[in-house]
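Trainee: You'll find structure_15.txt just under this line, and it carries compact mmCIF, C-alpha atoms.
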# COMPACT_ATOMS: atom_id res chain seq x y z
CA MET X 721 -76.55 -4.52 59.61
CA THR X 722 -73.44 -4.78 57.45
CA VAL X 723 -72.85 -5.53 53.78
CA GLN X 724 -71.47 -8.93 54.75
CA ASP X 725 -74.88 -9.87 56.18
CA LEU X 726 -76.59 -9.37 52.79
CA MET X 727 -74.00 -9.97 50.08
CA THR X 728 -73.70 -12.97 47.82
CA SER X 729 -70.45 -14.62 48.91
CA SER X 730 -67.72 -15.91 46.61
CA PRO X 731 -69.07 -14.66 43.30
CA ALA X 732 -67.85 -16.10 40.02
CA THR X 733 -65.12 -13.97 38.48
CA CYS X 734 -63.23 -13.68 35.21
CA THR X 735 -59.94 -12.18 34.06
CA PRO X 736 -59.44 -9.45 31.46
CA ASP X 737 -58.41 -12.19 28.99
CA THR X 738 -61.58 -14.26 29.43
CA SER X 739 -63.53 -14.46 26.16
CA LEU X 740 -66.91 -12.75 26.16
CA GLN X 741 -68.47 -16.06 25.21
CA ASP X 742 -67.07 -17.58 28.43
CA VAL X 743 -68.18 -14.50 30.39
CA ALA X 744 -71.73 -14.87 29.04
CA ARG X 745 -71.71 -18.62 29.69
CA THR X 746 -70.64 -18.04 33.29
CA MET X 747 -73.37 -15.42 33.73
CA ALA X 748 -75.92 -17.93 32.41
CA ASP X 749 -74.59 -20.76 34.60
CA GLU X 750 -74.50 -18.56 37.70
CA ASP X 751 -77.76 -16.75 36.89
CA CYS X 752 -76.14 -13.35 37.31
CA GLY X 753 -75.75 -10.19 35.25
CA ALA X 754 -72.27 -9.13 36.35
CA LEU X 755 -68.85 -10.64 36.95
CA PRO X 756 -66.03 -8.99 38.84
CA VAL X 757 -62.88 -8.95 36.75
CA VAL X 758 -59.76 -10.00 38.67
CA ALA X 759 -56.15 -9.26 37.76
CA SER X 760 -55.28 -12.89 36.97
CA GLU X 761 -56.26 -16.50 37.63
CA GLY X 762 -55.84 -17.18 41.33
CA SER X 763 -56.04 -13.48 42.15
CA ASN X 764 -58.97 -11.96 43.97
CA GLU X 765 -57.87 -8.37 43.32
CA PRO X 766 -60.65 -6.55 41.44
CA VAL X 767 -59.59 -4.60 38.36
CA GLY X 768 -63.05 -4.04 36.96
CA VAL X 769 -66.51 -5.45 36.39
CA VAL X 770 -68.29 -6.66 33.26
CA THR X 771 -72.07 -6.71 33.03
CA ASP X 772 -74.49 -8.11 30.50
CA ARG X 773 -75.36 -4.50 29.69
CA ASP X 774 -71.68 -3.66 29.08
CA ILE X 775 -71.52 -6.44 26.50
CA ALA X 776 -74.72 -5.30 24.81
CA ILE X 777 -73.88 -1.57 24.75
CA ARG X 778 -70.11 -1.53 24.27
CA ILE X 779 -69.75 -4.49 21.93
CA VAL X 780 -72.97 -5.64 20.25
CA ALA X 781 -74.55 -2.19 19.77
CA THR X 782 -71.36 -0.87 18.17
CA GLY X 783 -71.32 -3.69 15.61
CA GLN X 784 -68.35 -5.53 17.06
CA ASN X 785 -68.27 -9.33 17.07
CA PRO X 786 -68.47 -10.54 20.68
CA ALA X 787 -66.85 -13.82 19.63
CA ASP X 788 -63.64 -11.88 18.97
CA LYS X 789 -63.66 -9.92 22.23
CA THR X 790 -62.60 -10.41 25.83
CA ALA X 791 -63.79 -9.11 29.17
CA ALA X 792 -61.21 -6.31 28.89
CA ASP X 793 -63.00 -4.99 25.79
CA ALA X 794 -66.33 -4.58 27.59
CA MET X 795 -65.53 -4.12 31.27
CA THR X 796 -65.72 -1.03 33.40
CA LYS X 797 -62.28 -0.42 34.86
CA ASP X 798 -61.83 0.62 38.45
CA ALA X 799 -65.11 -0.85 39.62
CA VAL X 800 -66.63 0.65 42.74
CA THR X 801 -66.03 -1.50 45.79
CA VAL X 802 -67.39 -1.51 49.31
CA ARG X 803 -65.93 -3.15 52.41
CA ALA X 804 -67.77 -6.15 53.79
CA SER X 805 -67.81 -4.38 57.16
CA ALA X 806 -69.54 -1.27 55.79
CA SER X 807 -73.11 -0.54 56.84
CA VAL X 808 -75.95 -1.39 54.49
CA GLU X 809 -76.93 2.28 54.58
CA GLU X 810 -73.47 3.31 53.36
CA ALA X 811 -73.62 0.78 50.53
CA ALA X 812 -77.12 1.92 49.51
CA ARG X 813 -75.91 5.53 49.50
CA MET X 814 -72.98 4.55 47.24
CA MET X 815 -75.33 2.77 44.84
CA LYS X 816 -77.66 5.76 44.77
CA ASP X 817 -74.95 8.40 44.39
CA ARG X 818 -73.11 6.52 41.64
CA GLN X 819 -76.18 5.05 39.91
CA LEU X 820 -75.05 1.44 40.38
CA ARG X 821 -77.11 -1.72 40.60
CA ARG X 822 -74.30 -3.73 42.19
CA LEU X 823 -71.17 -3.23 44.27
CA ILE X 824 -68.16 -5.50 44.51
CA VAL X 825 -67.55 -6.37 48.15
CA VAL X 826 -63.97 -6.61 49.39
CA GLY X 827 -62.35 -7.58 52.64
CA ASP X 828 -59.80 -5.53 54.54
CA ASP X 829 -57.09 -6.94 52.26
CA GLY X 830 -58.85 -5.62 49.15
CA ALA X 831 -59.71 -9.11 47.87
CA ILE X 832 -63.20 -9.84 46.55
CA THR X 833 -65.44 -11.53 49.08
CA GLY X 834 -68.84 -10.95 47.51
CA ILE X 835 -71.28 -8.88 45.51
CA LEU X 836 -74.09 -6.73 46.83
CA ALA X 837 -77.01 -6.11 44.48
CA GLN X 838 -80.03 -3.89 44.86
CA ALA X 839 -82.07 -7.12 45.01
CA ASP X 840 -80.16 -8.05 48.17
CA LEU X 841 -81.32 -4.80 49.76
CA ALA X 842 -84.89 -5.54 48.76
CA ARG X 843 -84.80 -9.11 50.10
CA ALA X 844 -83.53 -7.82 53.42
CA GLY X 845 -86.59 -5.64 53.81
CA HIS X 846 -84.97 -2.31 53.01
CA GLU X 847 -87.84 -1.26 50.75
CA ALA X 848 -87.44 2.47 51.30
CA ARG X 849 -83.68 2.45 50.63
CA THR X 850 -84.12 0.11 47.67
CA GLY X 851 -86.77 2.43 46.24
CA GLU X 852 -84.41 5.39 46.54
CA VAL X 853 -81.57 3.46 44.90
CA VAL X 854 -83.78 2.24 42.03
CA GLU X 855 -85.16 5.74 41.46
CA GLU X 856 -81.70 7.30 41.42
CA ILE X 857 -80.02 4.72 39.14
CA SER X 858 -82.94 4.89 36.74
CA LYS X 859 -82.33 8.56 36.02
CA PRO X 860 -80.44 9.39 32.82
CA SER X 861 -76.68 9.67 33.27
CA ARG X 862 -75.44 13.08 34.24
Rewrite the structure from the file as C-alpha cells, please.
Mentor:
Amino acid sequence: MTVQDLMTSSPATCTPDTSLQDVARTMADEDCGALPVVASEGSNEPVGVVTDRDIAIRIVATGQNPADKTAADAMTKDAVTVRASASVEEAARMMKDRQLRRLIVVGDDGAITGILAQADLARAGHEARTGEVVEEISKPSR
C-alpha cells in the first residue's frame, strides 16, 4: 500500500504572507490542524507547514498578537515531505523517527498532492504502526 492510497488529496494551503487569522479560519473551515505553506499563490511548491500548535506555542505563548502575524511568523520551514508513491511503512517510519503527526505528500515534480496524518494510518487498519508512531512522537523532544 502506498501513501497515495491513504492520504487526504488536495489539502488547503496558504502562503507565507497569509494572515494567521486567515490560516486559523481555513483550519476551522477545513477541520484540520495543519496547512502546508506554498511559495506563492498558484504555486504548489511546499516551503513549510503551519500547525495550530505552532500558532499557540510560537505566537500566543510568547505574548505576540496573532492578529499582527502571518504564516511565515509561525510556520516550520523546510517541512518534511514524502512521495505519494512511497510505501505506508516508509511514511510511518518517517513520522516515528522525526516525531511528526503529519507529512506533506508530494508528487514526482515536488508539488503538493496531499497530506498524510497518523489518523489516516489508523483508519487504514495499521494499528500496530500507528501505535508505534504515536508512542514515538509523544516522547519529549530530544
Trainee: Given only C-alpha atoms as the basis, pick out the residue of X:Lys789, X:Arg813, X:Arg843, X:Lys797 nearest to X:Asp742.
Mentor: X:Lys789
Trainee: So how many Å separate atom CA of X:Ser760 and atom CA of X:Thr796, to one decimal?
Mentor: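 Rounded to one decimal, the two atoms are 16.2 Å apart.
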Trainee: Between atom CA of X:Gly830 and atom CA of X:Asp749, what is the spacing in Å?
Mentor: 26.2 Å
Trainee: Taking (-60.6, -4.0, 26.7) as a centre in this file's frame and 12 Å as the limit, can you find every polymer residue with an atom that close, using only C-alpha atoms, and give them as a list of chain:residue names?
Mentor: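 Selection result: X:Thr735, X:Pro736, X:Asp737, X:Thr738, X:Ser739, X:Leu740, X:Val757, X:Val767, X:Gly768, X:Val769, X:Val770, X:Asp774, X:Ile775, X:Arg778, X:Ile779, X:Pro786, X:Asp788, X:Lys789, X:Thr790, X:Ala791, X:Ala792, X:Asp793, X:Ala794, X:Met795, X:Thr796, X:Lys797.
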Trainee: Could you state the separation of atom CA of X:Asp828 and atom CA of X:Thr722 in Å, given to one decimal place?
Mentor: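 A separation of 14.0 Å between them.
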Trainee: Find the spatial neighbours of stretch 805-810 of chain X, counting only C-alpha atoms, within a cut-off of 12 Å - ignore same-chain residues fewer than 4 positions away - and output them as JSON, numbers by chain.
Mentor: {"X": [721, 722, 723, 724, 725, 726, 727, 801, 814, 815, 816, 817, 823, 825, 826, 827, 828, 833, 834, 836, 837, 838, 840, 841, 842, 844, 845, 846, 848, 849, 850, 852, 853]}
Trainee: Counting all atoms listed in the file, which residues have an atom no more than 9 Å from (-76.5, -10.8, 26.8) in the file's coordinates? Please list them as a list in words.
Mentor: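 Neighbouring residues, ordered by chain and number, come to Ala744, Met747, Gly753, Thr771, Asp772, Arg773, Asp774, Ile775 and Ala776 of chain X.
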Trainee: Pick the closest to X:Ala812 from X:Pro756, X:Ala732, X:Ala839, X:Gln784: which is it, counting all atoms listed in the file?
Mentor: X:Ala839
